[in-house]
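S.K.: Structure file run-v7.pdb (PDB, C-alpha atoms) is given on the next line.
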ATOM      1  CA  MET Q   1      27.617  -8.841   6.600
ATOM      2  CA  LYS Q   2      24.648  -8.939   8.967
ATOM      3  CA  LYS Q   3      22.645 -12.166   9.143
ATOM      4  CA  GLU Q   4      18.847 -12.118   9.266
ATOM      5  CA  GLU Q   5      16.081 -14.718   8.994
ATOM      6  CA  VAL Q   6      13.618 -12.727   6.884
ATOM      7  CA  ILE Q   7      14.017  -9.294   5.321
ATOM      8  CA  ILE Q   8      10.918  -7.345   4.281
ATOM      9  CA  VAL Q   9      11.576  -4.670   1.671
ATOM     10  CA  GLY Q  10       9.040  -1.906   2.260
ATOM     11  CA  GLY Q  11       7.497  -0.548   5.447
ATOM     12  CA  GLY Q  12       3.970   0.175   4.246
ATOM     13  CA  PRO Q  13       0.802  -1.333   5.755
ATOM     14  CA  CYS Q  14       1.271  -4.636   3.893
ATOM     15  CA  GLY Q  15       4.939  -4.882   4.899
ATOM     16  CA  ILE Q  16       3.973  -4.160   8.512
ATOM     17  CA  ALA Q  17       1.191  -6.784   8.363
ATOM     18  CA  ALA Q  18       3.666  -9.347   7.000
ATOM     19  CA  ALA Q  19       6.169  -8.563   9.766
ATOM     20  CA  ILE Q  20       3.498  -9.041  12.445
ATOM     21  CA  SER Q  21       2.396 -12.394  10.991
ATOM     22  CA  LEU Q  22       5.997 -13.614  10.744
ATOM     23  CA  LYS Q  23       6.798 -12.502  14.275
ATOM     24  CA  ARG Q  24       3.764 -14.323  15.634
ATOM     25  CA  LYS Q  25       5.039 -17.487  13.953
ATOM     26  CA  GLY Q  26       8.248 -17.220  15.956
ATOM     27  CA  LEU Q  27      10.404 -15.563  13.292
ATOM     28  CA  HIS Q  28      12.381 -12.320  13.622
ATOM     29  CA  PRO Q  29      11.762 -10.249  10.479
ATOM     30  CA  LEU Q  30      13.579  -7.027   9.690
ATOM     31  CA  ILE Q  31      11.786  -4.336   7.674
ATOM     32  CA  ILE Q  32      14.015  -2.149   5.504
ATOM     33  CA  GLU Q  33      12.299   1.044   4.330
ATOM     34  CA  LYS Q  34      13.831   3.768   2.159
ATOM     35  CA  GLY Q  35      11.794   6.472   3.921
ATOM     36  CA  ASN Q  36       9.828   6.336   7.133
ATOM     37  CA  ILE Q  37       7.119   3.793   7.932
ATOM     38  CA  VAL Q  38       4.078   3.982   5.623
ATOM     39  CA  ASN Q  39       6.086   6.351   3.452
ATOM     40  CA  ALA Q  40       3.571   6.319   0.599
ATOM     41  CA  ILE Q  41       0.723   7.364   2.907
ATOM     42  CA  TYR Q  42       2.908  10.187   4.226
ATOM     43  CA  HIS Q  43       3.224  11.441   0.632
ATOM     44  CA  TYR Q  44      -0.539  11.386   0.057
ATOM     45  CA  PRO Q  45      -2.212  14.810  -0.216
ATOM     46  CA  THR Q  46      -2.483  16.389   3.225
ATOM     47  CA  HIS Q  47      -6.302  16.438   3.022
ATOM     48  CA  GLN Q  48      -6.616  12.799   1.824
ATOM     49  CA  THR Q  49      -9.603  10.732   2.977
ATOM     50  CA  PHE Q  50      -9.349   6.986   2.415
ATOM     51  CA  PHE Q  51     -11.795   5.099   0.234
ATOM     52  CA  SER Q  52     -11.744   2.237   2.761
ATOM     53  CA  THR Q  53     -13.231   2.313   6.238
ATOM     54  CA  SER Q  54     -10.834   2.328   9.188
ATOM     55  CA  GLU Q  55     -11.751  -1.285  10.011
ATOM     56  CA  LYS Q  56     -10.502  -2.443   6.598
ATOM     57  CA  LEU Q  57      -7.144  -0.721   7.119
ATOM     58  CA  GLU Q  58      -6.399  -2.568  10.365
ATOM     59  CA  VAL Q  59      -3.342  -4.805  10.665
ATOM     60  CA  GLY Q  60      -2.351  -7.260  13.376
ATOM     61  CA  ASN Q  61      -5.867  -7.112  14.912
ATOM     62  CA  TYR Q  62      -5.117  -3.673  16.367
ATOM     63  CA  PRO Q  63      -8.356  -1.626  16.329
ATOM     64  CA  PHE Q  64      -8.263   1.498  14.161
ATOM     65  CA  VAL Q  65     -10.915   3.716  15.715
ATOM     66  CA  THR Q  66     -11.843   7.085  14.184
ATOM     67  CA  GLU Q  67     -14.720   9.456  14.722
ATOM     68  CA  HIS Q  68     -15.581   9.371  11.005
ATOM     69  CA  TYR Q  69     -16.555   6.432   8.799
ATOM     70  CA  LYS Q  70     -13.622   7.118   6.451
ATOM     71  CA  PRO Q  71     -10.255   7.865   8.103
ATOM     72  CA  LYS Q  72      -7.931  10.637   6.975
ATOM     73  CA  ARG Q  73      -4.227  10.529   6.120
ATOM     74  CA  ASN Q  74      -3.032  11.905   9.468
ATOM     75  CA  GLN Q  75      -5.125   9.404  11.409
ATOM     76  CA  ALA Q  76      -3.597   6.540   9.398
ATOM     77  CA  LEU Q  77      -0.067   7.814  10.085
ATOM     78  CA  VAL Q  78      -0.770   7.830  13.826
ATOM     79  CA  TYR Q  79      -2.350   4.372  13.684
ATOM     80  CA  TYR Q  80       0.494   2.640  11.830
ATOM     81  CA  ARG Q  81       3.162   4.310  13.995
ATOM     82  CA  GLU Q  82       1.381   3.007  17.066
ATOM     83  CA  VAL Q  83       1.109  -0.515  15.637
ATOM     84  CA  VAL Q  84       4.856  -0.625  14.910
ATOM     85  CA  LYS Q  85       5.592   0.615  18.421
ATOM     86  CA  ARG Q  86       3.242  -1.758  20.225
ATOM     87  CA  GLU Q  87       4.325  -4.784  18.203
ATOM     88  CA  GLU Q  88       7.990  -3.783  18.704
ATOM     89  CA  LEU Q  89       8.759  -4.379  15.051
ATOM     90  CA  ARG Q  90      12.335  -4.035  13.864
ATOM     91  CA  VAL Q  91      12.416  -1.344  11.174
ATOM     92  CA  ASN Q  92      15.462   0.198   9.505
ATOM     93  CA  THR Q  93      14.141   3.461   8.100
ATOM     94  CA  TYR Q  94      15.868   5.736   5.583
ATOM     95  CA  GLU Q  95      17.767   2.783   4.171
ATOM     96  CA  LYS Q  96      17.306   1.862   0.522
ATOM     97  CA  VAL Q  97      17.576  -1.691  -0.771
ATOM     98  CA  GLN Q  98      19.597  -1.641  -3.977
ATOM     99  CA  SER Q  99      19.698  -5.321  -4.915
ATOM    100  CA  VAL Q 100      18.663  -8.816  -3.854
ATOM    101  CA  LYS Q 101      20.835 -11.677  -5.137
ATOM    102  CA  LYS Q 102      20.391 -15.406  -4.566
ATOM    103  CA  GLU Q 103      23.646 -17.173  -3.736
ATOM    104  CA  GLU Q 104      24.689 -20.786  -4.380
ATOM    105  CA  ASP Q 105      23.809 -21.801  -0.810
ATOM    106  CA  ASP Q 106      20.192 -20.638  -1.426
ATOM    107  CA  PHE Q 107      20.624 -17.660   0.908
ATOM    108  CA  PHE Q 108      20.149 -14.122  -0.348
ATOM    109  CA  THR Q 109      22.554 -11.220  -0.265
ATOM    110  CA  VAL Q 110      20.606  -8.004   0.248
ATOM    111  CA  THR Q 111      22.576  -4.871  -0.547
ATOM    112  CA  THR Q 112      21.423  -1.481   0.719
ATOM    113  CA  ASP Q 113      23.003   1.962   0.624
ATOM    114  CA  LYS Q 114      24.223   1.332   4.186
ATOM    115  CA  GLN Q 115      24.814  -2.375   4.769
ATOM    116  CA  LEU Q 116      25.146  -5.916   3.392
ATOM    117  CA  TYR Q 117      22.755  -8.570   4.716
ATOM    118  CA  SER Q 118      22.427 -12.320   4.349
ATOM    119  CA  CYS Q 119      19.013 -13.923   4.827
ATOM    120  CA  GLN Q 120      17.069 -17.028   3.926
ATOM    121  CA  TYR Q 121      13.805 -15.358   2.887
ATOM    122  CA  VAL Q 122      12.898 -12.015   1.302
ATOM    123  CA  VAL Q 123       9.456 -10.384   1.174
ATOM    124  CA  ILE Q 124       8.982  -7.606  -1.384
ATOM    125  CA  ALA Q 125       6.281  -5.160  -0.244
ATOM    126  CA  THR Q 126       7.316  -2.053  -2.160
ATOM    127  CA  GLY Q 127       3.947  -1.048  -3.630
ATOM    128  CA  TYR Q 128       3.906   1.133  -6.726
ATOM    129  CA  TYR Q 129       3.544   4.756  -5.573
ATOM    130  CA  ASP Q 130       7.188   5.606  -6.337
ATOM    131  CA  ASN Q 131       6.824   4.951 -10.065
ATOM    132  CA  PRO Q 132       4.520   7.341 -11.961
ATOM    133  CA  ASN Q 133       3.088   6.441 -15.344
ATOM    134  CA  TYR Q 134       4.681   9.003 -17.630
ATOM    135  CA  MET Q 135       2.871  10.432 -20.635
ATOM    136  CA  ASN Q 136       6.146  10.474 -22.598
ATOM    137  CA  VAL Q 137       5.429  13.792 -24.272
ATOM    138  CA  PRO Q 138       7.839  16.685 -24.916
ATOM    139  CA  GLY Q 139       8.063  19.010 -21.925
ATOM    140  CA  GLU Q 140       6.963  16.482 -19.320
ATOM    141  CA  ASP Q 141      10.272  17.010 -17.523
ATOM    142  CA  LEU Q 142       9.749  20.770 -17.110
ATOM    143  CA  PRO Q 143       9.911  22.040 -13.490
ATOM    144  CA  LYS Q 144       6.261  23.104 -13.633
ATOM    145  CA  VAL Q 145       5.064  19.495 -14.161
ATOM    146  CA  PHE Q 146       4.285  17.282 -11.154
ATOM    147  CA  HIS Q 147       3.149  13.665 -10.840
ATOM    148  CA  TYR Q 148       2.204  14.001  -7.166
ATOM    149  CA  PHE Q 149      -0.177  16.423  -5.488
ATOM    150  CA  LYS Q 150       0.421  17.428  -1.877
ATOM    151  CA  GLU Q 151      -1.603  20.580  -1.215
ATOM    152  CA  ALA Q 152      -3.191  23.439  -3.129
ATOM    153  CA  HIS Q 153      -2.092  26.624  -1.361
ATOM    154  CA  PRO Q 154       0.960  27.374  -3.605
ATOM    155  CA  TYR Q 155      -1.285  27.559  -6.682
ATOM    156  CA  PHE Q 156      -3.571  30.402  -5.567
ATOM    157  CA  ASP Q 157      -4.450  32.685  -8.509
ATOM    158  CA  LYS Q 158      -2.612  30.415 -10.995
ATOM    159  CA  ASP Q 159      -3.713  28.612 -14.138
ATOM    160  CA  VAL Q 160      -3.374  24.880 -13.538
ATOM    161  CA  VAL Q 161      -3.902  21.929 -15.869
ATOM    162  CA  VAL Q 162      -4.774  18.582 -14.264
ATOM    163  CA  VAL Q 163      -4.267  15.546 -16.504
ATOM    164  CA  GLY Q 164      -6.391  12.497 -15.693
ATOM    165  CA  GLY Q 165      -9.958  11.678 -14.772
ATOM    166  CA  LYS Q 166      -9.848   9.362 -11.772
ATOM    167  CA  ASN Q 167      -9.747   9.880  -8.000
ATOM    168  CA  SER Q 168      -6.351  11.561  -7.716
ATOM    169  CA  SER Q 169      -7.127  14.127 -10.400
ATOM    170  CA  VAL Q 170     -10.620  14.827  -9.047
ATOM    171  CA  ASP Q 171      -9.284  15.240  -5.491
ATOM    172  CA  ALA Q 172      -6.541  17.588  -6.707
ATOM    173  CA  THR Q 173      -8.979  19.631  -8.784
ATOM    174  CA  ILE Q 174     -11.392  20.193  -5.909
ATOM    175  CA  GLU Q 175      -8.584  21.264  -3.571
ATOM    176  CA  LEU Q 176      -7.030  23.560  -6.185
ATOM    177  CA  VAL Q 177     -10.369  25.300  -6.745
ATOM    178  CA  LYS Q 178     -10.797  25.791  -2.992
ATOM    179  CA  ALA Q 179      -7.379  27.480  -2.926
ATOM    180  CA  GLY Q 180      -8.283  29.892  -5.725
ATOM    181  CA  ALA Q 181      -6.621  28.234  -8.727
ATOM    182  CA  ARG Q 182      -8.143  28.291 -12.221
ATOM    183  CA  VAL Q 183      -8.299  24.659 -13.297
ATOM    184  CA  THR Q 184      -8.607  22.865 -16.636
ATOM    185  CA  VAL Q 185      -8.916  19.059 -16.534
ATOM    186  CA  LEU Q 186      -7.775  17.027 -19.551
ATOM    187  CA  TYR Q 187      -8.932  13.402 -19.632
ATOM    188  CA  ARG Q 188      -8.449  10.934 -22.468
ATOM    189  CA  GLY Q 189     -11.635   9.052 -21.513
ATOM    190  CA  SER Q 190     -15.025   9.902 -22.970
ATOM    191  CA  GLU Q 191     -16.887  10.087 -19.635
ATOM    192  CA  PHE Q 192     -16.306  10.151 -15.890
ATOM    193  CA  SER Q 193     -14.432   7.124 -14.565
ATOM    194  CA  SER Q 194     -16.573   4.594 -12.708
ATOM    195  CA  SER Q 195     -13.846   4.392 -10.033
ATOM    196  CA  ILE Q 196     -14.356   7.975  -8.782
ATOM    197  CA  LYS Q 197     -15.364   8.031  -5.106
ATOM    198  CA  PRO Q 198     -19.151   8.455  -5.076
ATOM    199  CA  TRP Q 199     -19.080  11.088  -2.340
ATOM    200  CA  ILE Q 200     -16.847  13.502  -4.320
ATOM    201  CA  LEU Q 201     -18.282  13.113  -7.836
ATOM    202  CA  PRO Q 202     -21.338  15.397  -7.264
ATOM    203  CA  GLU Q 203     -19.079  18.258  -6.116
ATOM    204  CA  PHE Q 204     -16.773  17.755  -9.105
ATOM    205  CA  GLU Q 205     -19.696  17.692 -11.537
ATOM    206  CA  SER Q 206     -21.119  20.848  -9.958
ATOM    207  CA  LEU Q 207     -17.838  22.719 -10.461
ATOM    208  CA  ILE Q 208     -17.892  21.765 -14.146
ATOM    209  CA  ARG Q 209     -21.578  22.544 -14.597
ATOM    210  CA  HIS Q 210     -21.139  26.022 -13.126
ATOM    211  CA  GLY Q 211     -18.101  26.794 -15.246
ATOM    212  CA  VAL Q 212     -15.685  26.894 -12.315
ATOM    213  CA  VAL Q 213     -13.667  24.012 -13.797
ATOM    214  CA  THR Q 214     -13.105  23.449 -17.513
ATOM    215  CA  MET Q 215     -13.386  19.727 -18.294
ATOM    216  CA  GLU Q 216     -12.164  18.317 -21.615
ATOM    217  CA  PHE Q 217     -12.946  14.666 -22.397
ATOM    218  CA  ASN Q 218     -11.233  12.733 -25.226
ATOM    219  CA  ALA Q 219      -8.196  14.966 -24.756
ATOM    220  CA  GLN Q 220      -4.744  13.557 -25.545
ATOM    221  CA  VAL Q 221      -1.811  15.637 -24.285
ATOM    222  CA  LYS Q 222       0.773  16.084 -27.043
ATOM    223  CA  GLU Q 223       3.246  18.608 -25.654
ATOM    224  CA  ILE Q 224       3.947  20.825 -22.643
ATOM    225  CA  THR Q 225       5.706  24.155 -23.052
ATOM    226  CA  GLU Q 226       6.754  26.828 -20.570
ATOM    227  CA  ASP Q 227       3.322  28.475 -20.654
ATOM    228  CA  LYS Q 228       0.974  26.062 -22.465
ATOM    229  CA  VAL Q 229      -0.295  22.502 -22.675
ATOM    230  CA  ILE Q 230      -1.057  21.352 -26.215
ATOM    231  CA  TYR Q 231      -3.620  18.584 -26.549
ATOM    232  CA  GLU Q 232      -5.538  16.901 -29.342
ATOM    233  CA  LYS Q 233      -9.290  16.507 -29.348
ATOM    234  CA  GLU Q 234     -11.408  15.218 -32.224
ATOM    235  CA  GLY Q 235      -8.513  15.654 -34.628
ATOM    236  CA  GLN Q 236      -7.871  19.257 -33.632
ATOM    237  CA  GLN Q 237      -4.900  20.569 -31.666
ATOM    238  CA  VAL Q 238      -5.733  22.961 -28.851
ATOM    239  CA  ALA Q 239      -3.393  24.990 -26.615
ATOM    240  CA  VAL Q 240      -4.385  25.969 -23.077
ATOM    241  CA  LYS Q 241      -2.417  28.545 -21.094
ATOM    242  CA  ASN Q 242      -1.124  27.407 -17.700
ATOM    243  CA  ASP Q 243       1.445  27.964 -14.982
ATOM    244  CA  PHE Q 244       1.538  24.439 -13.549
ATOM    245  CA  VAL Q 245       0.603  20.891 -14.600
ATOM    246  CA  PHE Q 246      -0.418  17.959 -12.404
ATOM    247  CA  ALA Q 247      -0.138  14.744 -14.430
ATOM    248  CA  MET Q 248      -2.227  12.414 -12.268
ATOM    249  CA  THR Q 249      -1.788   9.462 -14.611
ATOM    250  CA  GLY Q 250      -1.326   6.653 -12.102
ATOM    251  CA  TYR Q 251       1.598   4.548 -10.937
ATOM    252  CA  HIS Q 252       3.121   1.101 -11.517
ATOM    253  CA  PRO Q 253       5.418  -1.383  -9.715
ATOM    254  CA  ASP Q 254       9.196  -1.235 -10.141
ATOM    255  CA  HIS Q 255       9.435  -4.063 -12.652
ATOM    256  CA  ASP Q 256      13.191  -3.672 -13.138
ATOM    257  CA  PHE Q 257      13.844  -4.180  -9.417
ATOM    258  CA  LEU Q 258      11.912  -7.463  -9.481
ATOM    259  CA  LYS Q 259      13.495  -8.651 -12.723
ATOM    260  CA  GLN Q 260      16.990  -8.090 -11.333
ATOM    261  CA  MET Q 261      16.170 -10.676  -8.646
ATOM    262  CA  GLY Q 262      15.059 -13.153 -11.282
ATOM    263  CA  VAL Q 263      11.328 -12.656 -10.663
ATOM    264  CA  GLU Q 264       9.413 -13.148 -13.889
ATOM    265  CA  ILE Q 265       6.837 -10.538 -14.947
ATOM    266  CA  ASP Q 266       3.845 -11.132 -17.195
ATOM    267  CA  ASP Q 267       4.323  -8.703 -20.084
ATOM    268  CA  GLU Q 268       0.636  -7.973 -20.579
ATOM    269  CA  SER Q 269      -0.566  -7.507 -16.995
ATOM    270  CA  GLY Q 270       2.700  -6.516 -15.318
ATOM    271  CA  ARG Q 271       1.957  -9.091 -12.601
ATOM    272  CA  PRO Q 272       4.889 -10.946 -11.044
ATOM    273  CA  ILE Q 273       4.736 -14.738 -11.376
ATOM    274  CA  PHE Q 274       3.787 -16.105  -7.947
ATOM    275  CA  ASN Q 275       1.864 -18.800  -6.130
ATOM    276  CA  GLU Q 276      -1.457 -17.304  -5.026
ATOM    277  CA  GLU Q 277      -1.641 -19.558  -1.957
ATOM    278  CA  THR Q 278       1.829 -18.820  -0.581
ATOM    279  CA  MET Q 279       2.727 -15.537  -2.386
ATOM    280  CA  GLU Q 280       6.094 -17.112  -3.295
ATOM    281  CA  THR Q 281       7.469 -16.018  -6.662
ATOM    282  CA  ASN Q 282       9.172 -18.172  -9.270
ATOM    283  CA  VAL Q 283      12.387 -17.554  -7.293
ATOM    284  CA  PRO Q 284      12.169 -19.886  -4.253
ATOM    285  CA  GLY Q 285      12.486 -17.846  -1.066
ATOM    286  CA  ILE Q 286      11.285 -14.529  -2.561
ATOM    287  CA  TYR Q 287       7.707 -13.570  -1.685
ATOM    288  CA  ILE Q 288       5.562 -10.568  -2.578
ATOM    289  CA  ALA Q 289       2.986  -8.771  -0.441
ATOM    290  CA  GLY Q 290       0.486  -6.029  -1.138
ATOM    291  CA  VAL Q 291      -0.383  -4.059  -4.242
ATOM    292  CA  ILE Q 292       2.775  -5.106  -6.088
ATOM    293  CA  ALA Q 293       1.035  -8.451  -6.705
ATOM    294  CA  ALA Q 294      -1.555  -6.708  -8.897
ATOM    295  CA  GLY Q 295       0.942  -5.596 -11.512
ATOM    296  CA  ASN Q 296      -0.310  -2.674 -13.586
ATOM    297  CA  ASN Q 297      -3.891  -2.906 -12.284
ATOM    298  CA  ALA Q 298      -3.752  -0.656  -9.240
ATOM    299  CA  ASN Q 299      -7.507  -1.142  -8.675
ATOM    300  CA  GLU Q 300      -7.176  -4.878  -7.980
ATOM    301  CA  ILE Q 301      -5.303  -4.962  -4.666
ATOM    302  CA  PHE Q 302      -5.497  -2.365  -1.893
ATOM    303  CA  ILE Q 303      -4.420  -2.218   1.734
ATOM    304  CA  GLU Q 304      -7.723  -3.832   2.678
ATOM    305  CA  ASN Q 305      -6.956  -7.100   0.859
ATOM    306  CA  GLY Q 306      -3.152  -6.889   0.525
ATOM    307  CA  ARG Q 307      -2.835  -6.861   4.339
ATOM    308  CA  PHE Q 308      -3.765 -10.564   4.385
ATOM    309  CA  HIS Q 309      -0.793 -11.622   2.247
ATOM    310  CA  GLY Q 310       1.450 -11.573   5.298
ATOM    311  CA  GLU Q 311      -0.421 -14.436   6.938
ATOM    312  CA  GLN Q 312      -0.103 -16.522   3.768
ATOM    313  CA  ILE Q 313       3.627 -15.820   3.620
ATOM    314  CA  ALA Q 314       4.187 -16.487   7.320
ATOM    315  CA  SER Q 315       2.366 -19.838   7.100
ATOM    316  CA  ALA Q 316       4.397 -20.883   4.067
ATOM    317  CA  ILE Q 317       7.738 -19.934   5.619
ATOM    318  CA  SER Q 318       6.952 -21.505   9.003
ATOM    319  CA  LYS Q 319       6.133 -24.815   7.275
ATOM    320  CA  LYS Q 320       9.563 -24.744   5.639
TER     321      LYS Q 320
END
Once you've parsed the file, please lay out its structure as structure tokens.

M.R.:
Amino acid sequence: MKKEEVIIVGGGPCGIAAAISLKRKGLHPLIIEKGNIVNAIYHYPTHQTFFSTSEKLEVGNYPFVTEHYKPKRNQALVYYREVVKREELRVNTYEKVQSVKKEEDDFFTVTTDKQLYSCQYVVIATGYYDNPNYMNVPGEDLPKVFHYFKEAHPYFDKDVVVVGGKNSSVDATIELVKAGARVTVLYRGSEFSSSIKPWILPEFESLIRHGVVTMEFNAQVKEITEDKVIYEKEGQQVAVKNDFVFAMTGYHPDHDFLKQMGVEIDDESGRPIFNEETMETNVPGIYIAGVIAAGNNANEIFIENGRFHGEQIASAISKK
């Protein structure tokens, strides 16, 4: 069993920010990440432009300079790699944490798919991008259904249904149209979401207005078959022909992973129980950082405010 002071589960921007803050307090944190650093950002669509400005994505006071006001996915990957390198952070990539268990001596046993660790403090910075919100309808597990969108080229000259009406679905729709797909958007809301990036909404509305994209509001998906999506609208069932489905229905934290550690979760909001000043959960010694603190409301905490959790955690641990 390897002994560590602090283990950070998750190597995203908020996990990196926490590691920097801890290191600058004289501690020696180890980040354990199941993929590579900023794994979620790597899995963003290849064309992705951030909602935040580059300045608001900075960690550790390292300047993030881009030629555009809003940075792109590839620029963020380069930036965070460079931060990890310059700060000389210890990161075990491609290692998955399976469990965190508090022992009688108040230390934690952290079990991964490669190693056993013992440590005094654990920071959970796992985000939510790995856990899609499923529609729980028949056919959702068909090979033609995806909950992530990477790029549009494979769907040239295909009929595609996009489920959802927020940023991810709008982004996917625009890219699919550019690549020559025929797109129908099904959204259970009655109007455009107020959270849609203001600089992409006019283009999306134009595609609908000119009949390039078929947009169905108040549409509830009921079933997916090999060649159709069946949805209900105003009491009527409608079937739309398609080859592929992108269910862009959002994501949520891994509640089971937290509960197994003894962290309590508010049933209504999905928020872990924690001290907002220190980010320590109801389990002494376990802290949370980043969007996982927002529970089911993914629009409450982003990189731009979750990056400051690390300083709160580092101050709390250093006082102990």

S.K.: Name every residue that the PyMOL selection byres ((chain Q and resi 179) around 12) selects in this structure, writing the answer as a ChimeraX atom specification with chains first and numbers rising.

M.R.: /Q:151-160,172-178,180-183

S.K.: Taking all atoms of region 167-177 of chain Q that the file lists and extending 8 Å past them on each side, where is the centre of the axis-aligned box and how long are its edges? Answer in Å to one decimal, as lines of an AutoDock Vina configuration file.

M.R.:
center_x = -8.9
center_y = 17.6
center_z = -7.0
size_x = 21.0
size_y = 31.4
size_z = 22.8

S.K.: Decode the PyMOL selection byres ((chain Q and resi 101) around 10) for the given file into explicit residues and return them as JSON, numbers by chain.

M.R.: {"Q": [99, 100, 102, 103, 104, 106, 107, 108, 109, 110, 111, 118, 260, 261, 262]}

S.K.: Near Glu95 (chain Q), within 9 Å and counting all atoms listed in the file, which residues show up once chain neighbours fewer than 6 positions away are dropped, as a list in words?

M.R.: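 Here the qualifying residues turn out to be Ile32, Glu33, Lys34, Gly35, Thr112, Asp113, Lys114 and Gln115 of chain Q.
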
S.K.: Quick one, how far is CA of Thr49 (chain Q) from CA of Ser168 (chain Q)?

M.R.: 11.2 Å

S.K.: Could you check how far CA of Val59 (chain Q) sits from CA of Arg307 (chain Q), in Å to one decimal?

M.R.: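 We find that CA of Val59 (chain Q) and CA of Arg307 (chain Q) lie 6.7 Å from each other.
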
S.K.: Would you kindly identify which residues have an atom no farther than 10 Å from (-16.1, 6.9, -3.5), using all atoms listed in the file and the file's own coordinates, and write them out as a ChimeraX atom specification?

M.R.: /Q:49-52,167,194-201

S.K.: Within 7 Å of Tyr287 (chain Q), counting all atoms listed in the file, which residues qualify if same-chain residues fewer than 4 places away don't, as number ranges by chain?

M.R.: Q: 122-124, 279-281

S.K.: So how many Å separate CA of Gln220 (chain Q) and CA of Val238 (chain Q), to one decimal?

M.R.: 10.0 Å

S.K.: On this file, the PyMOL selection byres ((chain Q and resi 214) around 8) gives some set of residues; write that set as a list in words.

M.R.: Val183, Thr184, Val185, Ile208, Gly211, Val212, Val213, Met215 and Glu216 of chain Q

S.K.: Is it possible to get the residues within 9 Å of (6.2, 0.7, 10.3) (coordinates as in the file, counting all atoms listed in the file) written as a PyMOL selection string?

M.R.: chain Q and resi 10-13+15-16+31+33+36-39+80-85+89-91+93

S.K.: Compare Q:Lys144, Q:Lys259, Q:Arg271, Q:Lys23 by their minimum atom-to-atom distance to Glu226 (chain Q), counting all atoms listed in the file, and give me the closest one.

M.R.: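 Closest to Glu226 (chain Q), using all atoms listed in the file: Q:Lys144.
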
S.K.: May I have the residues within 12 Å of Leu142 (chain Q) as an NGL selection string, using all atoms listed in the file and disregarding those fewer than 4 positions away in the same chain?

M.R.: :Q and (137-138 or 146-147 or 223-229 or 243-247)

S.K.: I'd like to know which of Q:Thr53, Q:Gln48, Q:Asn305, Q:Asn242 is closest to Val161 (chain Q), using only C-alpha atoms.

M.R.: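 The closest residue to Val161 (chain Q) is Q:Asn242.
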
S.K.: Between Q:Gly310, Q:Pro29, Q:Glu304, Q:Gly235, single out the one closest to Glu55 (chain Q), counting only C-alpha atoms.

M.R.: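 Ranked by minimum distance to Glu55 (chain Q), first place goes to Q:Glu304.
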
S.K.: Could you tell me which of Q:Gly127, Q:Gly60, Q:Pro132, Q:Pro71 comes closest to Glu311 (chain Q) if we count all atoms listed in the file?

M.R.: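 When distances to Glu311 (chain Q) are compared using all atoms listed in the file, the smallest one comes from Q:Gly60.
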
S.K.: Ranking Q:Lys2, Q:Glu203, Q:Tyr128, Q:Pro284 by minimum distance to Gly270 (chain Q) and counting only C-alpha atoms, which one comes first?

M.R.: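 Between Q:Lys2, Q:Glu203, Q:Tyr128, Q:Pro284, the residue approaching Gly270 (chain Q) most closely is Q:Tyr128.
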
S.K.: So that I can check the surroundings of Lys233 (chain Q), please list as a list in words every protein, DNA and RNA residue that reaches within 12 Å of it, counting all atoms listed in the file and ignoring chain neighbours fewer than 6 positions away.

M.R.: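 The residues satisfying every condition are Leu186, Tyr187, Arg188, Gly189, Ser190, Glu216, Phe217, Asn218, Ala219, Gln220, Val221, Lys222 and Ala239 of chain Q.
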
S.K.: Need the shell around Gly164 (chain Q): protein/DNA/RNA residues with any atom at most 6 Å away, counting only C-alpha atoms. Skip same-chain ones fewer than 5 positions apart. Format as a ChimeraX atom specification?

M.R.: /Q:169,187,248-249

S.K.: Nearest to Val9 (chain Q) among Q:Val283, Q:Val163, Q:Ile288, Q:Ile313, with distances taken over all atoms listed in the file: which residue is it?

M.R.: Q:Ile288
